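S.K.: What follows is a single structure, and I will ask about it in a moment.
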Amino acid sequence: MGPVAEQALENRRAAGALLAAFHGLGLRRLVLCPGSRSGPLALAAAALEPHGLQLFTAIDERSAAFFALGLARADGLPAAVVTTSGTAVAELLPAAVEADRSALPLLLLTADRPERLKDCGANQTVNQEAFLLPVCRLLLQGPMAGLHGADDARLATMARTAWRHCLGLPAGPVHLNLPFEEPLHAAIGSAPPPAAISRDNAPETVLSADASAPALDPDQPGVIVAGPWRRGAAAGFAGALRRLCRRTGWPVLADPASGLRGLPLSVVAGYDALLADPALVPPVGQVLRLGSLPASRRLHDWLAGLEAIQELVSEGDPRRLDPVNGGVRQCCDGLEAWEAALAPGEPGAASVALAGRWQRAEAALQAGLDRELAPEGPLSEPALARWLQRQLPDGLPVMLANSSPVRDWESWAGCPARQRPVVSFRGASGIDGTLSLAAGLAAAWGMVLLVTGDLALLHDGNGWLWRQELARRAPAARLRVLLIDNGGGGLFEQLPIPRQGLDFDRLFAMPQAVDPLALAAAHGVPARRGAERLDQLADDLEWLLAPEANDPLRLLRLGTDRAADGALRRRLLQPPGPAGWWQPPTTLS
């Protein structure tokens, strides 16, 4: 065998040893993008399929990375993305940013040119090792002369190091930049056998326990503010919160994506409307904040203006998570440890009274919303959020696209009768990977409903390409897309943007002429235009969620009036007057 053939085989060996090491650590899902430089990694991934590696393929690197991020969100374990060199690496940045901010594990494996081809005008050679560096937990650079120069022991060490940092505290993206020398491709018949797969339980990075006592007094009145899910594998979180609430009597202001609405807790879901006038809510002397904050600006302003003791507990994330109050003490050891440090006891009378006042205000607000957003009324986005929360099957996971859907569920959906998984990717709050994120969730969970606006869906138009891959590689996946088409960016209708002399649609809303039903049909996705009234949507929802339908993706389009819904939201968020749409109880103070 000549040196050329030996070089190609060594590339295959090194790629196989690296992926086998990752597989031994627990890697079970890999998304492969097309490319020649990454060919050895592609062949190594295919060789691992019979050993339990679930291999997806995607032509769009940005979409692939978001799909992998959806997989990682589903169970908290890293998924991997493999790309070729050049601009393909830059396409990974949006998902890497979200993985960083949301503390989700993501492995980014990029093929590169060897050092001899750097900075000399060689084709498709860029400084890709720097593209993802600001948002990754770690950059691991393969041997600059080529990955073939690393023996199996070194490759196993690389994998363990990457896995440890990917699942560290906080979890996040790790970039492995892997130069490959040519020739890249050996003849199939001469390929080496797959590398041996050894199970290796790599130690995870842990933070030392914070031995200091909680700053809050469980015997005094307080409230809990729970932000979107960012808990990793903290399985005991909900149990610790239930014990904490029994001990303190504190109510929980819960974001819709916290996973807490619908649990047997004293949940306040309408805080955004209640805080239209801070005088409507009872005074608070201490606040326990769990993770990052919900989206509500009113809640942010209220917390910033409180003369109260505030403490923030994160689940292993030592980064500062407090954008509103620099004096907040932050504990990163998790709620279980924080709750265990409390002295036993029962809620005091003042705590019970405070929680009762919050609950009476919540009940009055929700009764008013039932009247204002009744299903017999017109189809509006706030009413749709409320109706869906109550009409969807128990336990059906819902993903909320950023912009209007996540805010409408926060303000108007209330609590479901039973807990359901509600997912929002609020780390960086982008819209660029909406459909692909949801497809990744569906690949892991089965049936998932995505609620999205028209611009967010169009921004990830290549996400429709997942239909074919889900049918082949995840036959149980059922992604159902409910499109709220209001002809542009509905979020901007809610912002105080002056209109006089302004071409608002051109500069902000940016309506597009693309027919979403035709676009879906072009990708083989069944699509349907829904009814124009809320009380006529039952048949549409039954079609969308039909359990016997085996289509990997389906789309239901609902048309709404962007300007009218903006006016409705502004009216609902006004402080209640003597003749307002809801009346708070008179016994708050």
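Naming scheme: A, B, ... for chains in displayed order of the structure tokens; residues 1 onward per chain; ligands 1 onward as shown.
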Please, which residues in segment 394-451 of chain A fall within 6 Å of segment 47-70 of chain A when counting only C-alpha atoms, and what is the closest atom pair and distance in Å to one decimal for each, ordered by chain then residue number, as JSON lines?

M.R.:
{"residue": "A:Gly433", "atom": "CA", "partner": "A:Phe66", "partner_atom": "CA", "distance": 5.6}
{"residue": "A:Ser436", "atom": "CA", "partner": "A:Phe67", "partner_atom": "CA", "distance": 4.7}
{"residue": "A:Leu437", "atom": "CA", "partner": "A:Gly70", "partner_atom": "CA", "distance": 4.5}
{"residue": "A:Gly440", "atom": "CA", "partner": "A:Gly70", "partner_atom": "CA", "distance": 4.2}
{"residue": "A:Leu441", "atom": "CA", "partner": "A:Gly70", "partner_atom": "CA", "distance": 4.8}

S.K.: Can those selected residues be exported to a file as a JSON list (two decimals), in the first residue's frame so that it contains C-alpha atoms?

M.R.:
[["chain", "number", "residue", "atom", "x", "y", "z"],
["A", 433, "GLY", "CA", -33.89, 28.33, 13.82],
["A", 436, "SER", "CA", -35.48, 23.15, 12.99],
["A", 437, "LEU", "CA", -35.48, 23.41, 16.79],
["A", 440, "GLY", "CA", -35.27, 18.22, 16.82],
["A", 441, "LEU", "CA", -37.70, 18.13, 19.73]]

S.K.: Need the shell around Met510 of chain A: protein/DNA/RNA residues with any atom at most 9 Å away, counting only C-alpha atoms. Skip same-chain ones fewer than 3 positions apart. Format as a PDB file with C-alpha atoms, in the first residue's frame?

M.R.:
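Result file is around.pdb:
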ATOM      1  CA  LEU A 455     -41.707  35.727   9.971  1.00  0.00           C
ATOM      2  CA  GLY A 487     -48.723  39.610   7.789  1.00  0.00           C
ATOM      3  CA  GLY A 488     -45.452  40.612   9.387  1.00  0.00           C
ATOM      4  CA  GLY A 489     -43.837  41.165  12.758  1.00  0.00           C
ATOM      5  CA  PHE A 504     -44.141  51.254   9.652  1.00  0.00           C
ATOM      6  CA  ASP A 505     -44.637  48.114   7.564  1.00  0.00           C
ATOM      7  CA  ARG A 506     -41.530  48.653   5.480  1.00  0.00           C
ATOM      8  CA  LEU A 507     -39.219  49.537   8.351  1.00  0.00           C
TER       9      LEU A 507
END

S.K.: Taking only C-alpha atoms into account, name the residue in A:Pro264, A:Ala276, A:Arg557, A:Gln220 that is nearest to Arg571 of chain A.

M.R.: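 Residue with the minimum atom-to-atom distance to Arg571 of chain A: A:Ala276.
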
S.K.: Within 12 Å of Leu109 of chain A, counting only C-alpha atoms, which residues qualify if same-chain residues fewer than 4 places away don't, as a count of residues only?

M.R.: 43

S.K.: Please report, as a ChimeraX atom specification, each residue of segment 270-397 of chain A to which DSSP assigns helix (DSSP H, G or I) when run on this structure's backbone.

M.R.: /A:271-274,278-280,297-305,335-340,349-372,381-391

S.K.: Kindly indicate which residue among A:Ala363, A:Val514, A:Ala355, A:Ala234 lies nearest to Pro282 of chain A, using only C-alpha atoms for the distances.

M.R.: A:Ala355

S.K.: List the spatial neighbours of segment 402-404 of chain A as a PyMOL selection string - criterion: any atom at most 12 Å away, only C-alpha atoms, same-chain residues fewer than 4 positions off excluded.

M.R.: chain A and resi 257+295-296+380-382+384-385+408-412+423-435+437+450-457+483-486+488-495+562+565-566+569

S.K.: Return the single residue from A:Arg480, A:Arg418, A:Arg247, A:Arg29 that is closest to Gln391 of chain A, with distances computed using only C-alpha atoms.

M.R.: A:Arg418

S.K.: Go through A:Pro323, A:Gly368, A:Gly236, A:Gly356 and flag the residue nearest Leu293 of chain A, using only C-alpha atoms for the distances.

M.R.: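 That would be A:Pro323, the residue with the smallest distance to Leu293 of chain A.
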
S.K.: List the neighbours of Ala471 of chain A out to 12 Å using only C-alpha atoms; skip same-chain residues closer than 2 positions along the sequence, and give me the result as number ranges by chain.

M.R.: A: 56, 439, 442-443, 446, 465-469, 473-479, 524-525, 550-553

S.K.: Restricted to N, CA, C and O atoms, what would the selected residues look like written as a short mmCIF file (atom, residue, chain, number, x, y, z; two decimals), in the first residue's frame?

M.R.:
data_model
loop_
_atom_site.label_atom_id
_atom_site.label_comp_id
_atom_site.auth_asym_id
_atom_site.auth_seq_id
_atom_site.Cartn_x
_atom_site.Cartn_y
_atom_site.Cartn_z
N PHE A 56 -28.58 11.71 11.48
CA PHE A 56 -29.44 12.54 10.64
C PHE A 56 -28.55 13.29 9.66
O PHE A 56 -27.38 13.59 9.95
N ALA A 439 -38.27 20.55 15.07
CA ALA A 439 -38.07 19.24 14.46
C ALA A 439 -37.16 18.37 15.32
O ALA A 439 -37.37 17.16 15.46
N ALA A 442 -39.22 17.06 18.15
CA ALA A 442 -40.11 15.99 17.70
C ALA A 442 -39.35 14.70 17.46
O ALA A 442 -39.87 13.60 17.74
N ALA A 443 -38.13 14.79 16.95
CA ALA A 443 -37.33 13.58 16.73
C ALA A 443 -37.08 12.85 18.03
O ALA A 443 -36.96 11.61 18.06
N GLY A 446 -41.43 12.65 19.88
CA GLY A 446 -42.62 12.19 19.17
C GLY A 446 -43.46 13.38 18.78
O GLY A 446 -43.03 14.23 18.02
N LEU A 465 -37.26 20.88 5.18
CA LEU A 465 -36.51 19.74 4.64
C LEU A 465 -36.40 18.60 5.64
O LEU A 465 -36.05 17.47 5.25
N TRP A 466 -36.69 18.85 6.91
CA TRP A 466 -36.61 17.78 7.90
C TRP A 466 -37.73 16.74 7.71
O TRP A 466 -37.66 15.66 8.30
N ARG A 467 -38.74 17.04 6.90
CA ARG A 467 -39.82 16.06 6.69
C ARG A 467 -39.28 14.72 6.23
O ARG A 467 -39.61 13.66 6.79
N GLN A 468 -38.43 14.74 5.21
CA GLN A 468 -37.91 13.49 4.68
C GLN A 468 -37.01 12.78 5.68
O GLN A 468 -37.09 11.55 5.85
N GLU A 469 -36.18 13.53 6.37
CA GLU A 469 -35.24 12.91 7.30
C GLU A 469 -35.96 12.33 8.51
O GLU A 469 -35.60 11.27 9.02
N ARG A 473 -35.53 8.51 9.65
CA ARG A 473 -34.69 8.25 10.82
C ARG A 473 -35.42 8.34 12.15
O ARG A 473 -34.91 7.87 13.16
N ALA A 474 -36.58 8.99 12.18
CA ALA A 474 -37.35 9.11 13.42
C ALA A 474 -38.83 8.93 13.08
O ALA A 474 -39.62 9.88 13.14
N PRO A 475 -39.22 7.70 12.72
CA PRO A 475 -40.58 7.49 12.19
C PRO A 475 -41.68 7.81 13.19
O PRO A 475 -42.83 7.99 12.78
N ALA A 476 -41.37 7.91 14.47
CA ALA A 476 -42.41 8.26 15.46
C ALA A 476 -42.60 9.77 15.58
O ALA A 476 -43.54 10.22 16.25
N ALA A 477 -41.74 10.55 14.94
CA ALA A 477 -41.82 12.00 15.08
C ALA A 477 -43.06 12.55 14.39
O ALA A 477 -43.37 12.18 13.25
N ARG A 478 -43.75 13.46 15.07
CA ARG A 478 -44.92 14.13 14.52
C ARG A 478 -44.84 15.60 14.91
O ARG A 478 -45.26 15.99 16.00
N LEU A 479 -44.29 16.42 14.03
CA LEU A 479 -44.22 17.85 14.29
C LEU A 479 -45.43 18.52 13.66
O LEU A 479 -45.63 18.43 12.44
N GLY A 524 -43.69 18.80 0.33
CA GLY A 524 -44.46 17.59 0.59
C GLY A 524 -45.15 17.58 1.93
O GLY A 524 -45.51 16.51 2.44
N VAL A 525 -45.35 18.74 2.54
CA VAL A 525 -45.96 18.84 3.86
C VAL A 525 -47.45 19.17 3.72
O VAL A 525 -47.79 20.21 3.12
N ASN A 550 -49.89 9.87 9.80
CA ASN A 550 -48.48 9.49 9.90
C ASN A 550 -47.55 10.45 9.18
O ASN A 550 -46.40 10.12 8.91
N ASP A 551 -48.03 11.66 8.85
CA ASP A 551 -47.16 12.65 8.23
C ASP A 551 -46.16 13.16 9.27
O ASP A 551 -46.56 13.56 10.36
N PRO A 552 -44.89 13.21 8.93
CA PRO A 552 -43.92 13.76 9.89
C PRO A 552 -44.21 15.21 10.25
O PRO A 552 -44.00 15.63 11.39
N LEU A 553 -44.68 16.00 9.27
CA LEU A 553 -45.00 17.41 9.53
C LEU A 553 -46.37 17.74 8.95
O LEU A 553 -46.76 17.20 7.90
#

S.K.: Need the shell around Gln359 of chain A: protein/DNA/RNA residues with any atom at most 9 Å away, counting only C-alpha atoms. Skip same-chain ones fewer than 6 positions apart. Format as an mmCIF file with all heavy atoms, in the first residue's frame?

M.R.:
data_model
loop_
_atom_site.group_PDB
_atom_site.id
_atom_site.type_symbol
_atom_site.label_atom_id
_atom_site.label_comp_id
_atom_site.auth_asym_id
_atom_site.auth_seq_id
_atom_site.Cartn_x
_atom_site.Cartn_y
_atom_site.Cartn_z
ATOM 1 N N PRO A 251 -46.320 32.195 47.080
ATOM 2 C CA PRO A 251 -46.850 31.948 45.725
ATOM 3 C C PRO A 251 -45.725 31.963 44.697
ATOM 4 O O PRO A 251 -44.644 32.503 44.945
ATOM 5 C CB PRO A 251 -47.816 33.118 45.515
ATOM 6 C CG PRO A 251 -47.252 34.222 46.349
ATOM 7 C CD PRO A 251 -46.621 33.558 47.556
ATOM 8 N N SER A 266 -49.161 27.063 44.281
ATOM 9 C CA SER A 266 -49.884 28.335 44.297
ATOM 10 C C SER A 266 -49.302 29.217 43.202
ATOM 11 O O SER A 266 -48.508 30.125 43.449
ATOM 12 C CB SER A 266 -49.744 29.004 45.674
ATOM 13 O OG SER A 266 -50.404 30.248 45.697
ATOM 14 N N VAL A 267 -49.707 28.954 41.932
ATOM 15 C CA VAL A 267 -49.114 29.611 40.772
ATOM 16 C C VAL A 267 -49.885 30.877 40.419
ATOM 17 O O VAL A 267 -51.111 30.876 40.378
ATOM 18 C CB VAL A 267 -49.080 28.658 39.562
ATOM 19 C CG1 VAL A 267 -48.700 29.398 38.286
ATOM 20 C CG2 VAL A 267 -48.092 27.527 39.819
ATOM 21 N N VAL A 268 -49.153 31.936 40.161
ATOM 22 C CA VAL A 268 -49.702 33.177 39.623
ATOM 23 C C VAL A 268 -49.217 33.277 38.183
ATOM 24 O O VAL A 268 -48.022 33.446 37.931
ATOM 25 C CB VAL A 268 -49.235 34.398 40.444
ATOM 26 C CG1 VAL A 268 -49.735 35.695 39.811
ATOM 27 C CG2 VAL A 268 -49.714 34.281 41.886
#

S.K.: Please return as a PyMOL selection string: the residues of segment 310-350 of chain A that backbone DSSP assigns to strand (DSSP E or B).

M.R.: chain A and resi 310-313+315+329-331+333

S.K.: Could you tell me which of A:Ala213, A:Val97, A:Val448, A:Ala130 comes closest to Cys331 of chain A if we count only C-alpha atoms?

M.R.: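 Closest to Cys331 of chain A, using only C-alpha atoms: A:Ala213.
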
S.K.: Record the distance separating atom CA of Leu77 of chain A and atom CA of Arg243 of chain A, expressed in Å with one decimal.

M.R.: 27.7 Å

S.K.: Got a sec: who's within 12 Å of Gly580 of chain A, counting only C-alpha atoms, leaving out chain neighbours fewer than 6 positions off, as a PyMOL selection string?

M.R.: chain A and resi 365+368-369+372+571-574

S.K.: Pick from A:Val252, A:Leu288, A:Leu458, A:Ala145: nearest to Val313 of chain A, with only C-alpha atoms counted?

M.R.: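 When distances to Val313 of chain A are compared using only C-alpha atoms, the smallest one comes from A:Leu288.
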
S.K.: Please, what distance in Å, to one decimal, runs between atom CA of Leu373 of chain A and atom CA of Trp581 of chain A?

M.R.: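 We find that atom CA of Leu373 of chain A and atom CA of Trp581 of chain A lie 10.8 Å from each other.
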
S.K.: What gap, in Å, lies between atom CA of Arg371 of chain A and atom CA of Ala383 of chain A?

M.R.: 10.4 Å
